[in-house]
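Q: My questions all concern the structure below.
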Amino acid sequence: MSIDTDAGTAETTEFEFDGSAIERKRLYGKVFLGLCIAASMVGIVALIALLVDVLTEAWGWLTWEFLTYPPSQIAEHFDPENYGSLDTGPAGMYPAIVGSIYLIVLTAVFTLFLGVGAAIYLEEYAPDTEMTRFIEANITNLAGVPSIVYGLLGLAMFVRALQTGASLLAGALTLTLLILPIVIVQSQESLRAVPDSMRQASYGAGATKWQTIRDVVLPEAVPGIMTGIILSLSRAIGETAPILMVGAATSMFTPPSLTDPTGAFSAMPMQIFDWARLPDETFQHVAAAGIVVLLTILLLMNAVAIYIRNKYDRRG
Amino acid sequence: MSSGQIDLSRQGSDVGTVGDRVARYAFFSCALVTVLTTIAIVLVLVNGAVGFFRSATLYELLADTVGAGSLSGATDALRDGLMAQVTLGEFFFGTNWSPLIEPTSYGVWPLIWGTLVITVGSAVIALPVGTLTAIYLSEYADSRVRKTLKPVLEILAGIPTIVYGFFALSFITPIIQFFFPQTGTFNAASGAIVVGVMIIPMVSSISEDAMSSVPNSLRNAAYGLGATKFEVSTQVVLPASLSGILAAYVLAISRAIGETMAVVLAVGMLPQITTSPFEEMQTMTAYMVQVGISDVSVGSIQYQSLFAVGLTLFVMTFAMNVLSVLIRSRYREEYQ
């Protein structure tokens, strides 16, 4: 102290404790924590706003008839208050719902074989070579390609070159290629989680590699693989851009047929897009009702995936 | 081989061998599909884009060899057909995009501008918010909060983009219009906000993974030196996980560039270069949708323009994805 006063300054020496510095640090810490919490709230607020917005817009427009009747060009046909006075019957999104379900069933079949097959090769067979590393890097890169580019691929390759037309098959194949990278990576993780001791035990019992994979590794990995596939399919069912480029119809009045996968099709997101871009105010409610149906199906798919994960999760 | 000895080599006698070999090749061909997909994407885009650019050069070549005078005798249809094509210079330096209305013009800059505005706008929202969310999740939040917040972010990431488009149109745009009455039904601001919200989960989840993998010994060492939690978070954890965070940024930006349906519904379909975020614009992806829903005939210049724009988009996102891999491997800190 005496040194300070002698020098005529109010500065503290390095040995003195200045409370203001720690106070300032505490303040910074509090402000920063506040910022972090506020930032974390953005996601929650956005999700709540989105759900409330969609539900209020859809309120009163989502009826049983909406699920079971074909669409109409006239917005009033969707309004439950008008149902009684319509010669044509109520309007809804039945063909699009059926179209989406068929699309996903076909995609699931293709993805199951291709995705799991590729994952088995990469995890169980692939030697540690440049080629394998190239395939894996390529899969990572494919996962980052915009979905509309897959739509262009589907348009040029399936619709034009392979002559499938704007069909259910073309849509399903395009969606398969789109979700394949995600399915492969998730299946690989499930296969990797199978302990190596199980494989060694199987080899020790005299099983061949294929027998080991088929009877030991796969049964063990199936829950994880299924979870991954269902989650990827729930992404595929909401994709609009790829099936739009492939040429999904905007308004189908009859549902597509699963026995004729080369026929035209509509799908829920495509139908919602068609409604949402119409300037007519009432179609906003119809689009919102469609979104509620789509989100409900997504929710169900996710619930199934989580159920499978929890039921078979040994760690849990 | 005398009796009593067992053949331990798998040669010949093993029943599983044939099946094994078939299985191996079957699985390999599944893996090969992914490589073929990449090749097919590149071929399809380049092939379409070449058709878009080639014929203009073809006309010039013809004019050079046979002389412009004799070409004027060619049928009008042929000349118009060839002249309708586009040069690389017009495409990459032109500032007027008007492919469907006469007189047509194919300068891609208005579309790139639209994409840039949306990308930069969404990054301004998502990068800080996503990073702060990741810091909160990784450093501050207790497990109970984390168990609520992470599923919420996962749900946000799982909502179809068409739903975000509807949300922008029916919720965000009216709010912007309330504060800025000059805002149109379609505007860039609404699109940038909604794409920003959409990519927050991507930034936060990848960044949080990177922060969580920073070993506790680093944090404890900093605490031991008297650092506060704020200092540990920003001066120890953040730099240590920088490569993961930067990779997350690049991936999120790449996603914003390729975002389609939300942008179509929110931003609209009017290609123009304007600095006002309250006006309608058109992104590269939105143009592709516009052609997709219109009835253009196969082989027409509009159809081929799809692939030229698609190739531009693919090259941009591909470069971003490669960049993110490079960042990750180059600046990766290995902790054991």
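Every chain in the structure tokens takes a letter, A first, then B, and so on in the order presented; its residues are numbered from 1, and the ligands are numbered from 1 following the presented order.
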Need the shell around A:Leu67: protein/DNA/RNA residues with any atom at most 10 Å away, counting only C-alpha atoms. Skip same-chain ones fewer than 3 positions apart. Format as an NGL selection string?

A: :A and (62-64 or 70-71 or 91-98 or 289-290 or 293)

Q: Residues of the last selection are to be written out with N, CA and C atoms, as a tab-separated table (two decimals), in the first residue's frame.

A:
chain	number	residue	atom	x	y	z
A	62	LEU	N	-59.63	-31.28	-40.88
A	62	LEU	CA	-59.16	-32.66	-40.90
A	62	LEU	C	-60.28	-33.57	-40.42
A	63	THR	N	-60.91	-34.25	-41.36
A	63	THR	CA	-62.02	-35.13	-41.02
A	63	THR	C	-61.73	-36.52	-41.56
A	64	TRP	N	-62.57	-37.46	-41.21
A	64	TRP	CA	-62.43	-38.81	-41.75
A	64	TRP	C	-62.57	-38.79	-43.27
A	70	PRO	N	-61.00	-38.56	-52.83
A	70	PRO	CA	-60.01	-37.95	-53.73
A	70	PRO	C	-60.07	-36.43	-53.67
A	71	PRO	N	-59.00	-35.76	-54.13
A	71	PRO	CA	-58.96	-34.29	-54.04
A	71	PRO	C	-59.89	-33.61	-55.04
A	91	ALA	N	-64.06	-33.82	-50.54
A	91	ALA	CA	-62.74	-33.95	-51.15
A	91	ALA	C	-61.70	-34.24	-50.06
A	92	GLY	N	-60.62	-34.91	-50.46
A	92	GLY	CA	-59.59	-35.27	-49.48
A	92	GLY	C	-58.28	-35.60	-50.16
A	93	MET	N	-57.46	-36.42	-49.48
A	93	MET	CA	-56.15	-36.75	-50.05
A	93	MET	C	-55.91	-38.26	-50.10
A	94	TYR	N	-57.01	-39.02	-50.27
A	94	TYR	CA	-56.89	-40.47	-50.24
A	94	TYR	C	-55.86	-41.02	-51.25
A	95	PRO	N	-55.91	-40.62	-52.53
A	95	PRO	CA	-54.94	-41.20	-53.48
A	95	PRO	C	-53.49	-40.89	-53.10
A	96	ALA	N	-53.26	-39.70	-52.55
A	96	ALA	CA	-51.90	-39.33	-52.17
A	96	ALA	C	-51.41	-40.15	-50.98
A	97	ILE	N	-52.32	-40.43	-50.02
A	97	ILE	CA	-51.93	-41.25	-48.87
A	97	ILE	C	-51.54	-42.64	-49.34
A	98	VAL	N	-52.41	-43.24	-50.18
A	98	VAL	CA	-52.12	-44.58	-50.70
A	98	VAL	C	-50.82	-44.55	-51.50
A	289	ALA	N	-54.09	-29.38	-43.20
A	289	ALA	CA	-54.68	-30.67	-42.85
A	289	ALA	C	-53.82	-31.81	-43.42
A	290	GLY	N	-53.36	-31.63	-44.65
A	290	GLY	CA	-52.48	-32.62	-45.26
A	290	GLY	C	-51.19	-32.79	-44.47
A	293	VAL	N	-51.67	-34.91	-41.42
A	293	VAL	CA	-51.69	-36.34	-41.76
A	293	VAL	C	-50.26	-36.85	-41.96

Q: Can you work out which residues from chain A touch chain B at a cut-off of 7 Å (counting only C-alpha atoms) and hand them back as a ChimeraX atom specification?

A: /A:29,36-37,39-40,43-44,47,50,53,114,117-118,120-121,135,138-139,141,144-146,149,153,156,208-210,235,238-241,244-245,269,273,276-277,291

Q: What is the distance between atom CA of A:Leu152 and atom CA of A:Ile237, in Å to one decimal?

A: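 Between atom CA of A:Leu152 and atom CA of A:Ile237 the gap works out to 18.1 Å.
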
Q: Give me the residues within 9 Å of B:Gln182 as an NGL selection string, counting only C-alpha atoms and dropping any in the same chain fewer than 2 places off.

A: :B and (177 or 180 or 184 or 278-279)

Q: Once DSSP has gone over the backbone, tell me which residues of stretch 84-205 of chain B are in strand (DSSP E), as a PDB file with N, CA and C atoms, in the first residue's frame.

A:
ATOM      1  N   TRP B  97     -31.697 -13.988 -66.082  1.00  0.00           N
ATOM      2  CA  TRP B  97     -32.170 -15.372 -66.209  1.00  0.00           C
ATOM      3  C   TRP B  97     -33.644 -15.335 -66.595  1.00  0.00           C
ATOM      4  N   SER B  98     -33.898 -15.649 -67.842  1.00  0.00           N
ATOM      5  CA  SER B  98     -35.275 -15.597 -68.321  1.00  0.00           C
ATOM      6  C   SER B  98     -35.472 -16.717 -69.327  1.00  0.00           C
ATOM      7  N   SER B 105     -32.949 -15.653 -72.020  1.00  0.00           N
ATOM      8  CA  SER B 105     -31.606 -15.279 -71.622  1.00  0.00           C
ATOM      9  C   SER B 105     -31.181 -16.220 -70.511  1.00  0.00           C
ATOM     10  N   TYR B 106     -29.950 -16.666 -70.571  1.00  0.00           N
ATOM     11  CA  TYR B 106     -29.518 -17.690 -69.620  1.00  0.00           C
ATOM     12  C   TYR B 106     -28.291 -17.281 -68.817  1.00  0.00           C
TER      13      TYR B 106
END

Q: Go through B:Pro99, B:Val267, B:Ile206, B:Phe93 and flag the residue nearest B:Ser300, using only C-alpha atoms for the distances.

A: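 The shortest atom-to-atom distance to B:Ser300 comes from B:Pro99.
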
Q: DSSP on the backbone, then: every residue of stretch 70-221 of chain A marked alpha helix (DSSP H), written as a PyMOL selection string.

A: chain A and resi 94-120+130-143+147-153+168-192+196-204+209-212+218-221

Q: For A:Pro223, work out the shell of residues within 10 Å, counting only C-alpha atoms and skipping chain neighbours fewer than 6 positions away, then give it as number ranges by chain.

A: A: 187, 190, 229, 305, 307-313

Q: Please produce a file of those selected residues containing C-alpha atoms, as a tab-separated table (two decimals), in the first residue's frame.

A:
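File written: again-v4.tsv
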chain	number	residue	atom	x	y	z
A	187	SER	CA	-26.49	-50.69	-40.67
A	190	SER	CA	-25.32	-52.05	-35.94
A	229	ILE	CA	-34.23	-48.28	-42.02
A	305	ALA	CA	-38.41	-47.29	-34.56
A	307	TYR	CA	-40.03	-49.07	-29.71
A	308	ILE	CA	-37.81	-51.54	-31.55
A	309	ARG	CA	-34.67	-49.77	-30.32
A	310	ASN	CA	-35.80	-49.81	-26.69
A	311	LYS	CA	-37.13	-53.35	-26.77
A	312	TYR	CA	-33.91	-54.86	-28.07
A	313	ASP	CA	-31.42	-52.47	-26.57

Q: With a distance cut-off of 9 Å and only C-alpha atoms, select the neighbouring residues of stretch 213-220 of chain A, excluding the residue or stretch itself and same-chain residues fewer than 5 positions from it, and output the selection as a list in words.

A: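 With the cut-off at 9 Å, the set is Ile120, Glu124, Ser190, Leu191, Val194, Pro195, Met198, Arg199, Ser202 and Thr208 of chain A.
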
Q: Residues as selected, C-alpha atoms, written as a PDB file, in the first residue's frame, can you do that?

A:
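Dumped everything to result-v7.pdb:
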ATOM      1  CA  ILE A 120     -22.425 -56.416 -44.721  1.00  0.00           C
ATOM      2  CA  GLU A 124     -17.644 -58.204 -42.777  1.00  0.00           C
ATOM      3  CA  SER A 190     -25.318 -52.048 -35.942  1.00  0.00           C
ATOM      4  CA  LEU A 191     -23.068 -54.725 -37.428  1.00  0.00           C
ATOM      5  CA  VAL A 194     -22.020 -57.180 -32.608  1.00  0.00           C
ATOM      6  CA  PRO A 195     -19.164 -58.405 -30.412  1.00  0.00           C
ATOM      7  CA  MET A 198     -19.641 -64.136 -31.217  1.00  0.00           C
ATOM      8  CA  ARG A 199     -18.097 -64.384 -34.681  1.00  0.00           C
ATOM      9  CA  SER A 202     -19.210 -69.344 -34.637  1.00  0.00           C
ATOM     10  CA  THR A 208     -18.295 -70.631 -42.696  1.00  0.00           C
TER      11      THR A 208
END

Q: Would you mind reading off the distance between atom CA of B:Met269 and atom CA of A:Ala75, one decimal, in Å?

A: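 Between atom CA of B:Met269 and atom CA of A:Ala75 the gap is 23.7 Å.
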